[in-house]
Structures are given as C-alpha cells and as structure tokens.
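Chemist: Have a look at this one.
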Amino acid sequence: MKLSILSLSAVAALAVIMTPVLALPTAVVPSAVVSFDQHRVVRIQIENEQELATLSAHDDTLQLDYFTHHKIIGGHVDVRIPPQSFSKFQGLNLKYSTLIENLQSVLNEEKAQDQEYQKTFSAQLNENKRRNGGKTVHASGIEGADVYAAAPAWFSGYHTYADHQNWLATQIANNPDKASAFSAGKTYQNRDQAGIKIGSGPNNVVFHGTQHAREWISTMVVEYIIDQLLTGSDSRVAGYLTKYTFHIIPIMNPDGFVVTQTSNRMHRKNAQSNGGCLGTDTNRNWGFKWNQGGSSTNPCADDYMGPSAFSSPEATNIGNYLKNTPNVVSYIDFHSYSQLWMVPYGYTGTRPGTYAYMSGLAVKAAAALKAVHGTRFTTGDIYNTIYQASGNSADYAYSVGVKAPFAVELRDTGNYGFSLPANQIIPSGEETWAAFSAVLDNIQV
Ligand SMILES: [Zn+2]
C-alpha cells in the first residue's frame with residue numbers, strides 16, 4: 001500500500017501559512033476556528049445520589065463537555081462549561097474547584113509553544129536537506145523520507161496530520177527488514193487508518209492512539225513505542241520482534257484528528273454528520289453490548305453512541321481487523337487523560353472470567369511505569385475504575401478472543417488535560433514504554 005505523502009516543500013509552506021495565525025491574539029482567531037474564550041474546566045465532586053442526578057439532568061441543557069468520566073458517587077469529573085452556562089451551573093450548588101479558568105489561554109499557550117517548536121523542526125529538516133545535496137527523495141522513492149528520519153526533534157513537539165503520515169512512511173521505508181505498511185480501512189472521509197507492522201513473531205499485538213481526536217499525546221506515545229521497536233537501545237527488543245508481530249496505528253481517528261487541527265481543538269468524536277452535530281463517539285460504537293449504558297443517544301453529546309452498533313467505519317474497521325487477525329494476545333487503546341491502565345469490562349461491573357490475569361498484567365504495567373518517573377497510574381476494570389461505558393473497544397476486543405485488552409489513559413491528571421505540554425512527550429513515552437514492555441514480558445502465549 002502506498003501512502004500519500006506531503007512533500008517537504010508543502011510542509012514548509014504549511015508552516016509559513018500557519019505562522020501569522022499563531023501570532024494572532026484570541027480576539028482575532030479566524031471565525032472558522034472554534035474559540036474557547038472564557039470556557040472553564042472545573043472538577044466536580046460527586047458525594048451523593050442527589051448530586052449525581054442533578055449533574056446528569058443538566059448534561060445537555062448546560063452543554064457540558066466531560067473531559068473525564070469518573071461519574072460515580074465518591075468520584076469526580078472534569079467538565080468544560082461554556083460561559084453562557086456558568087451561572088446556571090453555579091445555581092446547581094455542586095461542589096467544584098476550577099482547574100482551568102480560561103481554556104482559550106491554555107490553547108493559546110499550546111499554539112505559541114508549537115510555533116517556537118516548528119521553527120526548530122523546520123530548521124532541522126532544512127539542514128538535513130542541505131546535507132543531502134538539496135534532495136528530499138529517499139532511495140525508496142518516498143518524498144522527504146531521509147530528512148524526517150534524521151530529525152531528532154520529532155518527540156519534542158506535536159505535529160500536523162500530514163507530518164505524521166510522512167513520519168510513518170519514513171519509518172517503514174527505512175526499516176524494510178523489520179517493518180511494513182498496512183491500512184485497517186478507510187474512514188468516513190476516506191482517509192486511511194494507516195499502520196505499521198513490526199516484527200515476525202506468531203503472537204499478534206494490536207494497538208493505536210487517538211481514537212478520541214483531541215487526545216494528541218496518545219499518538220505521540222504510540223510513535224515513541226514504534227521508535228523504540230525500530231531503533232531503541234532496549235536489549236529486550238530483538239526478542240520481542242521474534243515473539244510478537246506488532247500492528248500499530250498511530251492515529252485511529254484521522255478525520256477527527258484533522259478537525260482538532262483545523263477548526264475545533266476540543267473535538268473528541270469522528271467526523272460523521274449526525275443530526276446537525278459533528279461526529280459519533282467511536283468508543284461507544286463498538287459492536288459488543290452497544291447501548292447498554294454509559295453512552296448518549298443525543299447526536300450533539302460527546303459520548304454519542306451512533307445510530308447503530310458499528311455505524312462508524314473507524315470502529316468497524318479495527319473491530320474487523322481484531323476479529324480477522326489470529327492469535328491477538330494483546331490490544332491496547334491509548335487515550336488521555338487520567339493516568340489509568342484499565343481492563344474489561346466497561347459495560348458491566350461483573351468481572352470477566354480472566355479478570356485476574358488481565359488486571360495482574362495491568363498492575364505490572366503500572367509498577368514498571370511508576371519506576372521511570374514516579375508517575376502513578378491506577379489499575380482496574382473500566383466500569384469500576386471510571387464509569388459505565390458500553391460499546392467500548394476493550395470490551396469488544398475481549399469478546400472476540402483477545403486475551404489481554406487494555407484501555408489506557410495517559411498523562412496528566414487535569415492540570416493541562418488534553419493540552420499536555422510538549423516537554424512531557426518524551427517522559428510519557430519513556431514511562432509508557434516501560435509499562436508496555438512489562439506487559440510483553442509477562443503475557444502468556
Ligand atoms: Zn479517550
């Protein structure tokens with residue numbers, strides 16, 4: 001399969017186009033871009049049945065956007081509240097603290113950092129191009145491959161969708177002995193769910209980032225794992241590549257990802273049009289115990305389940321891929337944020353037959369993760385750790401025989417939320433690699 005590649009000059013042109021936009025203050029953000037000026041992110045404590053009922057009764061009327069989903073008595077949720085709803089929200093008399101006073105300020109800071117980063121990244125690419133005699137074409141015929149492969153700053157910043165495509169193609173082109181390209185299928189807007197296969201072992205491990213579009217760190221961490229498998233110094237890798245074959249899709253939901261980079265940074269769903277609102281929550285759309293609670297029938301809700309199970313091509317494609325790939329010993333769906341390493345089920349609090357095995361792996365993963373930078377991850381089943389969520393990916397994977405499926409929520413715990421600063425990409429990658437390799441070391445095959 002040939003991936004479409006944006007040429008280096010086009011990438012450079014994009015950077016030039018983006019520069020004046022990035023320099024603009026909030027007030028003159030182009031009208032096509034959703035502004036989150038004066039949107040607050042608050043943490044609501046839920047202490048009793050009545051508070052839970054009050055909150056749930058106002059999900060739609062106050063246009064609440066749930067950033068986290070620990071919506072149970074004794075839990076807390078992080079919620080974005082638009083300015084027009086805030087006084088009504090205060091009238092509910094729920095206990096809350098403010099995490100982010102003005103979300104747009106955080107997004108502006110994210111953009112400013114990105115602008116600085118893109119200068120460094122472009123300079124590295126240009127320097128590599130100069131050393132390469134001005135050529136941007138790799139021996140494989142892939143435009144820009146050499147320069148991408150050699151840019152050391154990749155994990156020091158976030159990237160455009162086109163850059164991610166180019167980066168992935170570069171890894172494949174430069175490692176023909178270890179890696180090959182595949183696509184799990186086409187999205188609603190006809191993009192590929194592009195992936196890389198690494199290794200030649202009989203045990204398959206499937207994982208992806210960015211099922212939820214705004215959770216950018218999940219793609220960077222998945223790419224960090226790819227980089228470790230291809231070029232890392234961990235002495236265990238050679239053994240992994242003969243024991244396992246890795247099927248890795250950095251961006252599971254590319255349509256939604258593009259929305260977050262062009263018009264709405266807080267978009268979570270895919271890009272299917274549903275009753276005037278954009279997108280289905282693909283992680284409430286998988287075809288196992290769909291519509292059994294913890295998902296919405298409202299097309300404008302951020303956890304909209306879709307009109308029927310597997311109505312979204314993105315979930316359907318990966319679901320079929322899992323079903324049709326023999327001997328999948330693990331599946332990981334990387335999300336952010338909350339710092340959780342979870343196992344099925346999400347649709348019910350009744351634990352599956354092999355819960356002890358799966359949660360044992362999760363505990364080992366969390367311990368290995370903490371040993372790197374001290375970051376604490378909580379483990380457990382989805383239902384009891386966060387909230388009921390039916391139609392989710394990990395439950396589906398378990399239902400088709402994947403022995404160790406995980407739903408992982410990466411950094412942080414709410415200080416930055418989805419706008420995790422770029423200087424946390426490498427530490428997140430390092431600790432997640434430790435957790436991931438702990439799973440590989442302990443999986444029963
Ligand atoms: Zn998510």
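Order determines the names: the first chain of the structure tokens is A, the second B, and so forth; residues in each chain are numbered 1 upward, and ligands are numbered 1 upward as they are shown.
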Show me which residues sit within 7 Å of ligand 1 when counting only C-alpha atoms and all ligand atoms, and put them as a PyMOL selection string.
Modeler: chain A and resi 211-212+215+335-336
Chemist: Step one, run DSSP on the backbone; step two, keep only residues of region 164-380 of chain A assigned to helix (DSSP H, G or I); then write them as a ChimeraX atom specification.
Modeler: /A:164-174,216-231,237-243,254-262,282-284,313-324,355-373
Chemist: Contacts of region 419-421 of chain A at 10 Å or less, counting only C-alpha atoms, minus same-chain residues fewer than 2 places along, as a list in words?
Modeler: Leu103, Val106, Leu107, Glu109, Glu110, Lys111, Gln113, Asp114, Ser156, Gly157, Tyr158, Arg214, Glu215, Trp216, Ile217, Arg265, Met266, Ser336, Tyr337, Arg411, Asp412, Gly414, Asn415, Tyr416, Gly417, Asn423, Gln424 and Ile425 of chain A
Chemist: Compare A:Ser338, A:Ile251, A:Ala365, A:Lys269 by their minimum atom-to-atom distance to Met305 (chain A), counting only C-alpha atoms, and give me the closest one.
Modeler: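 Ranked by minimum distance to Met305 (chain A), first place goes to A:Lys269.
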Chemist: Skipping near chain neighbours, those fewer than 6 positions away, what residues fall within 7 Å of region 172-189 of chain A using only C-alpha atoms, listed as a ChimeraX atom specification?
Modeler: /A:1,140,195-199,255,271-272,313-314,317-318,321
Chemist: Would you output that residue set with all heavy atoms, as a CSV table (one decimal), in the first residue's frame?
Modeler:
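Just written: part-v7.csv:
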chain,number,residue,atom,x,y,z
A,1,MET,N,0.8,-1.2,0.0
A,1,MET,CA,0.0,0.0,0.0
A,1,MET,C,0.9,1.2,0.0
A,1,MET,O,1.8,1.3,0.7
A,1,MET,CB,-0.9,0.0,1.3
A,1,MET,CG,-1.8,1.2,1.3
A,1,MET,SD,-2.2,1.6,3.0
A,1,MET,CE,-0.6,2.1,3.6
A,140,SER,N,14.0,4.9,-1.4
A,140,SER,CA,12.8,4.2,-1.6
A,140,SER,C,11.8,4.9,-2.5
A,140,SER,O,10.7,4.3,-2.8
A,140,SER,CB,12.1,4.0,-0.2
A,140,SER,OG,11.7,5.3,0.3
A,195,GLY,N,-1.2,2.1,9.2
A,195,GLY,CA,-0.5,1.5,10.3
A,195,GLY,C,0.8,0.9,9.8
A,195,GLY,O,1.2,1.0,8.6
A,196,ILE,N,1.6,0.5,10.8
A,196,ILE,CA,2.9,-0.1,10.6
A,196,ILE,C,2.9,-1.5,11.3
A,196,ILE,O,2.5,-1.6,12.4
A,196,ILE,CB,4.0,0.8,11.0
A,196,ILE,CG1,5.4,0.2,10.8
A,196,ILE,CG2,3.9,1.2,12.5
A,196,ILE,CD1,6.6,1.1,11.1
A,197,LYS,N,3.4,-2.5,10.6
A,197,LYS,CA,3.6,-3.8,11.2
A,197,LYS,C,5.1,-4.0,11.5
A,197,LYS,O,5.9,-3.7,10.6
A,197,LYS,CB,3.1,-4.9,10.2
A,197,LYS,CG,1.7,-5.4,10.4
A,197,LYS,CD,1.4,-6.6,9.5
A,197,LYS,CE,0.1,-6.4,8.8
A,197,LYS,NZ,-0.3,-7.4,7.9
A,198,ILE,N,5.4,-4.4,12.7
A,198,ILE,CA,6.8,-4.6,13.0
A,198,ILE,C,7.0,-5.9,13.7
A,198,ILE,O,6.2,-6.4,14.5
A,198,ILE,CB,7.2,-3.5,14.1
A,198,ILE,CG1,7.0,-2.1,13.5
A,198,ILE,CG2,8.7,-3.6,14.4
A,198,ILE,CD1,7.3,-1.0,14.5
A,199,GLY,N,8.0,-6.7,13.2
A,199,GLY,CA,8.3,-8.0,13.8
A,199,GLY,C,7.7,-9.1,13.0
A,199,GLY,O,7.0,-8.9,12.0
A,255,ASP,N,-9.9,11.5,10.7
A,255,ASP,CA,-10.9,12.6,10.4
A,255,ASP,C,-11.0,13.5,11.6
A,255,ASP,O,-11.0,14.8,11.4
A,255,ASP,CB,-12.2,12.0,10.0
A,255,ASP,CG,-12.2,11.2,8.8
A,255,ASP,OD1,-11.2,11.1,8.1
A,255,ASP,OD2,-13.3,10.6,8.5
A,271,ALA,N,-15.9,12.2,12.3
A,271,ALA,CA,-16.4,13.4,11.5
A,271,ALA,C,-17.7,13.0,10.8
A,271,ALA,O,-18.1,13.7,9.8
A,271,ALA,CB,-15.4,13.9,10.6
A,272,GLN,N,-18.4,12.0,11.2
A,272,GLN,CA,-19.7,11.7,10.6
A,272,GLN,C,-20.7,12.7,11.0
A,272,GLN,O,-20.7,13.2,12.1
A,272,GLN,CB,-20.2,10.3,11.1
A,272,GLN,CG,-19.7,9.1,10.3
A,272,GLN,CD,-20.1,7.8,10.9
A,272,GLN,OE1,-19.7,7.5,12.0
A,272,GLN,NE2,-20.8,7.0,10.1
A,313,PRO,N,-17.3,3.8,10.5
A,313,PRO,CA,-16.3,2.9,9.8
A,313,PRO,C,-15.1,2.7,10.6
A,313,PRO,O,-14.4,1.7,10.5
A,313,PRO,CB,-16.0,3.7,8.5
A,313,PRO,CG,-16.6,5.0,8.6
A,313,PRO,CD,-17.7,5.0,9.7
A,314,GLU,N,-14.7,3.7,11.4
A,314,GLU,CA,-13.4,3.6,12.1
A,314,GLU,C,-13.4,2.5,13.1
A,314,GLU,O,-12.5,1.7,13.2
A,314,GLU,CB,-13.1,5.0,12.8
A,314,GLU,CG,-12.8,6.1,11.9
A,314,GLU,CD,-14.1,6.8,11.4
A,314,GLU,OE1,-15.2,6.4,11.9
A,314,GLU,OE2,-14.0,7.8,10.6
A,317,ASN,N,-13.8,-1.0,11.2
A,317,ASN,CA,-12.6,-1.5,10.5
A,317,ASN,C,-11.6,-2.1,11.6
A,317,ASN,O,-11.1,-3.2,11.3
A,317,ASN,CB,-11.8,-0.3,9.9
A,317,ASN,CG,-12.6,0.3,8.7
A,317,ASN,OD1,-13.4,-0.4,8.1
A,317,ASN,ND2,-12.2,1.5,8.4
A,318,ILE,N,-11.4,-1.5,12.7
A,318,ILE,CA,-10.5,-2.0,13.7
A,318,ILE,C,-11.1,-3.3,14.3
A,318,ILE,O,-10.4,-4.3,14.6
A,318,ILE,CB,-10.1,-1.0,14.8
A,318,ILE,CG1,-9.7,0.3,14.2
A,318,ILE,CG2,-9.1,-1.6,15.7
A,318,ILE,CD1,-8.3,0.4,13.6
A,321,TYR,N,-10.6,-6.0,12.0
A,321,TYR,CA,-9.1,-6.3,12.0
A,321,TYR,C,-8.8,-7.2,13.1
A,321,TYR,O,-8.1,-8.2,13.0
A,321,TYR,CB,-8.3,-5.0,12.0
A,321,TYR,CG,-6.9,-5.2,11.7
A,321,TYR,CD1,-6.5,-5.3,10.3
A,321,TYR,CD2,-5.9,-5.4,12.7
A,321,TYR,CE1,-5.1,-5.5,10.0
A,321,TYR,CE2,-4.6,-5.7,12.3
A,321,TYR,CZ,-4.2,-5.7,11.0
A,321,TYR,OH,-2.9,-5.9,10.7
Chemist: Hey, what's within 6 Å of Leu369 (chain A) if we count only C-alpha atoms and toss same-chain stuff fewer than 6 positions away? As a list in words, please?
Modeler: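 The residues satisfying every condition are Glu431, Ala434 and Ala435 of chain A.
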Chemist: With distances taken over only C-alpha atoms, which of A:Glu430, A:Asp441, A:Asp333, A:Asp303 is nearest to Ser390 (chain A)?
Modeler: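 The closest residue to Ser390 (chain A) is A:Asp303.
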Chemist: Can you tell me, as a ChimeraX atom specification, what residues are no more than 12 Å from region 322-330 of chain A when counting only C-alpha atoms, ignoring any on the same chain fewer than 3 positions away?
Modeler: /A:184,201-208,243-248,286-287,315-319,333,343,358,361-362,393-394,396-407,436,439-440,442-445
Chemist: Run DSSP on the backbone and tell me which residues of region 369-403 of chain A come out as strand (DSSP E); list them as a list in words.
Modeler: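 Those in region 369-403 of chain A that DSSP calls strand (DSSP E) are Thr378, Thr379, Gly380 and Asp381 of chain A.
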Chemist: Let me make sure I understand: among A:Thr54, A:Lys370, A:Phe334, A:Ala213, which one has the smallest atom-to-atom distance to Leu94 (chain A) if we use only C-alpha atoms?
Modeler: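 Of A:Thr54, A:Lys370, A:Phe334, A:Ala213, the one nearest Leu94 (chain A) is A:Thr54, counting only C-alpha atoms.
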Chemist: Which residue out of A:Gln45, A:Thr354, A:Thr280, A:Thr297 has the minimum interatomic distance to Asp78 (chain A) when only C-alpha atoms are used?
Modeler: A:Gln45
Chemist: Between CA of Ser200 (chain A) and CA of Leu241 (chain A), what is the distance, to one decimal in Å?
Modeler: 6.0 Å
Chemist: Name the residues in contact with Pro307 (chain A) at a cut-off of 12 Å, using only C-alpha atoms, excluding same-chain residues fewer than 4 positions from it; report them as a VMD selection string.
Modeler: chain A and resid 272 to 275 279 to 282 284 to 287 290 to 291 295 to 299 311 to 312
Chemist: Report, in Å to a single decimal, how far apart CA of Ala301 (chain A) and CA of Cys277 (chain A) are.
Modeler: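 For CA of Cys277 (chain A) relative to CA of Ala301 (chain A), the distance reads 8.5 Å.
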Chemist: Which residue, A:Gln261, A:Ser233, A:Thr413, A:Ser428, has the smallest gap to Arg43 (chain A) when you use only C-alpha atoms?
Modeler: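 Of all the options, A:Thr413 lies closest to Arg43 (chain A).
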Chemist: Go through A:Pro344, A:Tyr240, A:His76, A:Asp65 one by one, measure the shortest atom-to-atom distance of each to Tyr331 (chain A) using only C-alpha atoms, and give the residue with the smallest value.
Modeler: A:Pro344
Chemist: Calculate how many Å separate CA of Gly306 (chain A) from CA of Asn253 (chain A), rounding to one decimal.
Modeler: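 Value for the CA of Gly306 (chain A)-CA of Asn253 (chain A) distance: 15.2 Å.
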